Amino acid sequence: MIVLKELAKEEGISQKELSLRLDKDQNTVKAMIDKLEIKSFIKREENKLDRRAFSLFLTDKAKKNLPIIKNYENQVLENIVKELSEEDADKFRSILEKIRKNISNV
């Protein structure tokens with residue numbers, strides 16, 4: 001899902017650029033892309049500037065399903081924090097975001 005969300009921000013980036021943005025090694029990202037391509041969520045196109053590289057794009061299927069995926073993620077998060085006060089839920093979301101950023105900096 002992180003691959004789809006990142007490509008939704010900017011389509012046409014290379015696999016290498018995607019690896020950098022996700023802070024994952026290129027082999028891991030390639031495996032993720034391969035699986036998403038098999039499921040018809042991503043398509044690779046030859047990069048016009050560098051024929052050795054491919055540009056990555058979301059398919060119509062991915063674009064159609066992204067809101068569903070995001071909605072599911074929001075429902076899961078809301079379910080996790082449902083017993084917390086609004087203040088505690090906001091703190092939790094803030095802490096979770098900081099943890100995500102810290103993990104990506106490791």
# chains A, B, ... in the order shown; residues from 1 in each chain; ligands from 1
call {"tool": "residues_around", "arguments": {"residues": "Lys9 in chain A", "least_positions_apart": "2", "cutoff": "12 Å", "atoms": "only C-alpha atoms", "output": "MDAnalysis selection string"}}
result
chainID A and resid 2:7 11:13 18 21 56:58 63 66
call {"tool": "select_by_dssp", "arguments": {"residues": "chain A", "states": "strand (DSSP E)", "output": "list in words"}}
result
Ile42, Lys43, Arg44, Glu45, Glu46, Phe54, Ser55, Leu56, Phe57 and Leu58 of chain A
call {"tool": "write_last_selection", "arguments": {"atoms": "N, CA and C atoms", "output": "PDB file, in the first residue's frame"}}
result
ATOM      1  N   ILE A  42       0.022  -1.543 -10.981  1.00  0.00           N
ATOM      2  CA  ILE A  42       1.112  -0.676 -11.439  1.00  0.00           C
ATOM      3  C   ILE A  42       1.503  -1.108 -12.846  1.00  0.00           C
ATOM      4  N   LYS A  43       1.897  -0.123 -13.640  1.00  0.00           N
ATOM      5  CA  LYS A  43       2.477  -0.448 -14.946  1.00  0.00           C
ATOM      6  C   LYS A  43       3.820   0.259 -15.065  1.00  0.00           C
ATOM      7  N   ARG A  44       4.742  -0.421 -15.718  1.00  0.00           N
ATOM      8  CA  ARG A  44       6.071   0.126 -15.977  1.00  0.00           C
ATOM      9  C   ARG A  44       6.116   0.578 -17.436  1.00  0.00           C
ATOM     10  N   GLU A  45       6.691   1.743 -17.642  1.00  0.00           N
ATOM     11  CA  GLU A  45       6.893   2.231 -18.999  1.00  0.00           C
ATOM     12  C   GLU A  45       8.343   2.641 -19.151  1.00  0.00           C
ATOM     13  N   GLU A  46       8.870   2.444 -20.339  1.00  0.00           N
ATOM     14  CA  GLU A  46      10.256   2.810 -20.591  1.00  0.00           C
ATOM     15  C   GLU A  46      10.436   4.302 -20.333  1.00  0.00           C
ATOM     16  N   PHE A  54      12.803   2.414 -15.831  1.00  0.00           N
ATOM     17  CA  PHE A  54      11.368   2.409 -16.102  1.00  0.00           C
ATOM     18  C   PHE A  54      10.693   3.462 -15.242  1.00  0.00           C
ATOM     19  N   SER A  55       9.676   4.071 -15.796  1.00  0.00           N
ATOM     20  CA  SER A  55       8.834   4.987 -15.036  1.00  0.00           C
ATOM     21  C   SER A  55       7.622   4.193 -14.554  1.00  0.00           C
ATOM     22  N   LEU A  56       7.184   4.488 -13.349  1.00  0.00           N
ATOM     23  CA  LEU A  56       6.093   3.742 -12.728  1.00  0.00           C
ATOM     24  C   LEU A  56       4.808   4.565 -12.717  1.00  0.00           C
ATOM     25  N   PHE A  57       3.721   3.901 -13.048  1.00  0.00           N
ATOM     26  CA  PHE A  57       2.423   4.558 -13.099  1.00  0.00           C
ATOM     27  C   PHE A  57       1.361   3.679 -12.461  1.00  0.00           C
ATOM     28  N   LEU A  58       0.367   4.314 -11.861  1.00  0.00           N
ATOM     29  CA  LEU A  58      -0.780   3.589 -11.342  1.00  0.00           C
ATOM     30  C   LEU A  58      -1.701   3.237 -12.497  1.00  0.00           C
TER      31      LEU A  58
END
call {"tool": "decode", "arguments": {"residues": "range 33-47 of chain A", "atoms": "all heavy atoms", "output": "PDB file, in the first residue's frame"}}
result
ATOM      1  N   ILE A  33       6.920  -3.984  -6.360  1.00  0.00           N
ATOM      2  CA  ILE A  33       6.425  -3.535  -7.665  1.00  0.00           C
ATOM      3  C   ILE A  33       6.010  -4.740  -8.513  1.00  0.00           C
ATOM      4  O   ILE A  33       4.961  -4.718  -9.167  1.00  0.00           O
ATOM      5  CB  ILE A  33       7.486  -2.686  -8.384  1.00  0.00           C
ATOM      6  CG1 ILE A  33       7.669  -1.356  -7.661  1.00  0.00           C
ATOM      7  CG2 ILE A  33       7.106  -2.453  -9.841  1.00  0.00           C
ATOM      8  CD1 ILE A  33       8.877  -0.566  -8.114  1.00  0.00           C
ATOM      9  N   ASP A  34       6.829  -5.779  -8.502  1.00  0.00           N
ATOM     10  CA  ASP A  34       6.507  -6.986  -9.272  1.00  0.00           C
ATOM     11  C   ASP A  34       5.142  -7.537  -8.869  1.00  0.00           C
ATOM     12  O   ASP A  34       4.321  -7.880  -9.725  1.00  0.00           O
ATOM     13  CB  ASP A  34       7.577  -8.066  -9.074  1.00  0.00           C
ATOM     14  CG  ASP A  34       8.895  -7.744  -9.767  1.00  0.00           C
ATOM     15  OD1 ASP A  34       8.917  -6.836 -10.634  1.00  0.00           O
ATOM     16  OD2 ASP A  34       9.902  -8.399  -9.435  1.00  0.00           O
ATOM     17  N   LYS A  35       4.892  -7.624  -7.571  1.00  0.00           N
ATOM     18  CA  LYS A  35       3.613  -8.151  -7.086  1.00  0.00           C
ATOM     19  C   LYS A  35       2.453  -7.245  -7.491  1.00  0.00           C
ATOM     20  O   LYS A  35       1.391  -7.725  -7.908  1.00  0.00           O
ATOM     21  CB  LYS A  35       3.647  -8.313  -5.562  1.00  0.00           C
ATOM     22  CG  LYS A  35       4.528  -9.449  -5.098  1.00  0.00           C
ATOM     23  CD  LYS A  35       4.591  -9.525  -3.591  1.00  0.00           C
ATOM     24  CE  LYS A  35       5.579 -10.591  -3.153  1.00  0.00           C
ATOM     25  NZ  LYS A  35       5.745 -10.643  -1.707  1.00  0.00           N
ATOM     26  N   LEU A  36       2.663  -5.931  -7.377  1.00  0.00           N
ATOM     27  CA  LEU A  36       1.598  -4.996  -7.744  1.00  0.00           C
ATOM     28  C   LEU A  36       1.358  -4.989  -9.253  1.00  0.00           C
ATOM     29  O   LEU A  36       0.222  -4.800  -9.700  1.00  0.00           O
ATOM     30  CB  LEU A  36       1.934  -3.599  -7.236  1.00  0.00           C
ATOM     31  CG  LEU A  36       1.862  -3.430  -5.725  1.00  0.00           C
ATOM     32  CD1 LEU A  36       2.492  -2.111  -5.294  1.00  0.00           C
ATOM     33  CD2 LEU A  36       0.419  -3.518  -5.239  1.00  0.00           C
ATOM     34  N   GLU A  37       2.405  -5.226 -10.018  1.00  0.00           N
ATOM     35  CA  GLU A  37       2.250  -5.289 -11.467  1.00  0.00           C
ATOM     36  C   GLU A  37       1.467  -6.544 -11.871  1.00  0.00           C
ATOM     37  O   GLU A  37       0.591  -6.487 -12.740  1.00  0.00           O
ATOM     38  CB  GLU A  37       3.621  -5.275 -12.144  1.00  0.00           C
ATOM     39  CG  GLU A  37       3.546  -5.110 -13.652  1.00  0.00           C
ATOM     40  CD  GLU A  37       4.905  -4.939 -14.295  1.00  0.00           C
ATOM     41  OE1 GLU A  37       5.891  -5.551 -13.819  1.00  0.00           O
ATOM     42  OE2 GLU A  37       4.966  -4.196 -15.289  1.00  0.00           O
ATOM     43  N   ILE A  38       1.742  -7.653 -11.227  1.00  0.00           N
ATOM     44  CA  ILE A  38       1.012  -8.900 -11.490  1.00  0.00           C
ATOM     45  C   ILE A  38      -0.476  -8.711 -11.181  1.00  0.00           C
ATOM     46  O   ILE A  38      -1.336  -9.215 -11.902  1.00  0.00           O
ATOM     47  CB  ILE A  38       1.604 -10.072 -10.675  1.00  0.00           C
ATOM     48  CG1 ILE A  38       2.966 -10.458 -11.253  1.00  0.00           C
ATOM     49  CG2 ILE A  38       0.671 -11.271 -10.652  1.00  0.00           C
ATOM     50  CD1 ILE A  38       3.775 -11.402 -10.382  1.00  0.00           C
ATOM     51  N   LYS A  39      -0.769  -7.955 -10.136  1.00  0.00           N
ATOM     52  CA  LYS A  39      -2.163  -7.697  -9.750  1.00  0.00           C
ATOM     53  C   LYS A  39      -2.793  -6.547 -10.543  1.00  0.00           C
ATOM     54  O   LYS A  39      -3.915  -6.146 -10.262  1.00  0.00           O
ATOM     55  CB  LYS A  39      -2.232  -7.396  -8.254  1.00  0.00           C
ATOM     56  CG  LYS A  39      -1.865  -8.585  -7.393  1.00  0.00           C
ATOM     57  CD  LYS A  39      -1.921  -8.245  -5.925  1.00  0.00           C
ATOM     58  CE  LYS A  39      -1.534  -9.459  -5.096  1.00  0.00           C
ATOM     59  NZ  LYS A  39      -1.597  -9.198  -3.663  1.00  0.00           N
ATOM     60  N   SER A  40      -2.043  -6.009 -11.496  1.00  0.00           N
ATOM     61  CA  SER A  40      -2.510  -4.925 -12.380  1.00  0.00           C
ATOM     62  C   SER A  40      -2.789  -3.621 -11.642  1.00  0.00           C
ATOM     63  O   SER A  40      -3.700  -2.871 -12.009  1.00  0.00           O
ATOM     64  CB  SER A  40      -3.754  -5.362 -13.157  1.00  0.00           C
ATOM     65  OG  SER A  40      -3.480  -6.483 -13.951  1.00  0.00           O
ATOM     66  N   PHE A  41      -1.994  -3.326 -10.619  1.00  0.00           N
ATOM     67  CA  PHE A  41      -2.105  -2.057  -9.912  1.00  0.00           C
ATOM     68  C   PHE A  41      -1.069  -1.040 -10.395  1.00  0.00           C
ATOM     69  O   PHE A  41      -1.240   0.158 -10.215  1.00  0.00           O
ATOM     70  CB  PHE A  41      -1.949  -2.251  -8.400  1.00  0.00           C
ATOM     71  CG  PHE A  41      -3.171  -2.806  -7.737  1.00  0.00           C
ATOM     72  CD1 PHE A  41      -3.205  -4.115  -7.286  1.00  0.00           C
ATOM     73  CD2 PHE A  41      -4.294  -2.013  -7.559  1.00  0.00           C
ATOM     74  CE1 PHE A  41      -4.332  -4.624  -6.676  1.00  0.00           C
ATOM     75  CE2 PHE A  41      -5.424  -2.518  -6.944  1.00  0.00           C
ATOM     76  CZ  PHE A  41      -5.449  -3.834  -6.507  1.00  0.00           C
ATOM     77  N   ILE A  42       0.022  -1.543 -10.981  1.00  0.00           N
ATOM     78  CA  ILE A  42       1.112  -0.676 -11.439  1.00  0.00           C
ATOM     79  C   ILE A  42       1.503  -1.108 -12.846  1.00  0.00           C
ATOM     80  O   ILE A  42       1.465  -2.294 -13.174  1.00  0.00           O
ATOM     81  CB  ILE A  42       2.338  -0.792 -10.510  1.00  0.00           C
ATOM     82  CG1 ILE A  42       2.057  -0.134  -9.173  1.00  0.00           C
ATOM     83  CG2 ILE A  42       3.574  -0.188 -11.146  1.00  0.00           C
ATOM     84  CD1 ILE A  42       3.210  -0.203  -8.197  1.00  0.00           C
ATOM     85  N   LYS A  43       1.897  -0.123 -13.640  1.00  0.00           N
ATOM     86  CA  LYS A  43       2.477  -0.448 -14.946  1.00  0.00           C
ATOM     87  C   LYS A  43       3.820   0.259 -15.065  1.00  0.00           C
ATOM     88  O   LYS A  43       4.014   1.357 -14.535  1.00  0.00           O
ATOM     89  CB  LYS A  43       1.540  -0.069 -16.088  1.00  0.00           C
ATOM     90  CG  LYS A  43       1.185   1.389 -16.149  1.00  0.00           C
ATOM     91  CD  LYS A  43       0.164   1.643 -17.245  1.00  0.00           C
ATOM     92  CE  LYS A  43      -0.292   3.096 -17.177  1.00  0.00           C
ATOM     93  NZ  LYS A  43      -1.350   3.380 -18.093  1.00  0.00           N
ATOM     94  N   ARG A  44       4.742  -0.421 -15.718  1.00  0.00           N
ATOM     95  CA  ARG A  44       6.071   0.126 -15.977  1.00  0.00           C
ATOM     96  C   ARG A  44       6.116   0.578 -17.436  1.00  0.00           C
ATOM     97  O   ARG A  44       5.657  -0.137 -18.317  1.00  0.00           O
ATOM     98  CB  ARG A  44       7.147  -0.928 -15.766  1.00  0.00           C
ATOM     99  CG  ARG A  44       7.301  -1.363 -14.352  1.00  0.00           C
ATOM    100  CD  ARG A  44       8.350  -2.462 -14.278  1.00  0.00           C
ATOM    101  NE  ARG A  44       8.561  -2.833 -12.891  1.00  0.00           N
ATOM    102  CZ  ARG A  44       8.778  -4.070 -12.482  1.00  0.00           C
ATOM    103  NH1 ARG A  44       8.837  -5.054 -13.331  1.00  0.00           N
ATOM    104  NH2 ARG A  44       8.962  -4.322 -11.214  1.00  0.00           N
ATOM    105  N   GLU A  45       6.691   1.743 -17.642  1.00  0.00           N
ATOM    106  CA  GLU A  45       6.893   2.231 -18.999  1.00  0.00           C
ATOM    107  C   GLU A  45       8.343   2.641 -19.151  1.00  0.00           C
ATOM    108  O   GLU A  45       8.956   3.126 -18.200  1.00  0.00           O
ATOM    109  CB  GLU A  45       5.970   3.421 -19.290  1.00  0.00           C
ATOM    110  CG  GLU A  45       4.502   3.058 -19.311  1.00  0.00           C
ATOM    111  CD  GLU A  45       3.594   4.224 -19.641  1.00  0.00           C
ATOM    112  OE1 GLU A  45       4.103   5.321 -19.998  1.00  0.00           O
ATOM    113  OE2 GLU A  45       2.377   4.044 -19.532  1.00  0.00           O
ATOM    114  N   GLU A  46       8.870   2.444 -20.339  1.00  0.00           N
ATOM    115  CA  GLU A  46      10.256   2.810 -20.591  1.00  0.00           C
ATOM    116  C   GLU A  46      10.436   4.302 -20.333  1.00  0.00           C
ATOM    117  O   GLU A  46       9.639   5.124 -20.780  1.00  0.00           O
ATOM    118  CB  GLU A  46      10.618   2.486 -22.039  1.00  0.00           C
ATOM    119  CG  GLU A  46      12.082   2.626 -22.336  1.00  0.00           C
ATOM    120  CD  GLU A  46      12.409   2.198 -23.751  1.00  0.00           C
ATOM    121  OE1 GLU A  46      12.484   0.981 -23.982  1.00  0.00           O
ATOM    122  OE2 GLU A  46      12.585   3.093 -24.589  1.00  0.00           O
ATOM    123  N   ASN A  47      11.477   4.623 -19.584  1.00  0.00           N
ATOM    124  CA  ASN A  47      11.784   6.017 -19.289  1.00  0.00           C
ATOM    125  C   ASN A  47      12.342   6.677 -20.546  1.00  0.00           C
ATOM    126  O   ASN A  47      13.293   6.176 -21.138  1.00  0.00           O
ATOM    127  CB  ASN A  47      12.802   6.088 -18.138  1.00  0.00           C
ATOM    128  CG  ASN A  47      13.057   7.487 -17.657  1.00  0.00           C
ATOM    129  OD1 ASN A  47      13.376   8.372 -18.438  1.00  0.00           O
ATOM    130  ND2 ASN A  47      12.913   7.683 -16.365  1.00  0.00           N
TER     131      ASN A  47
END
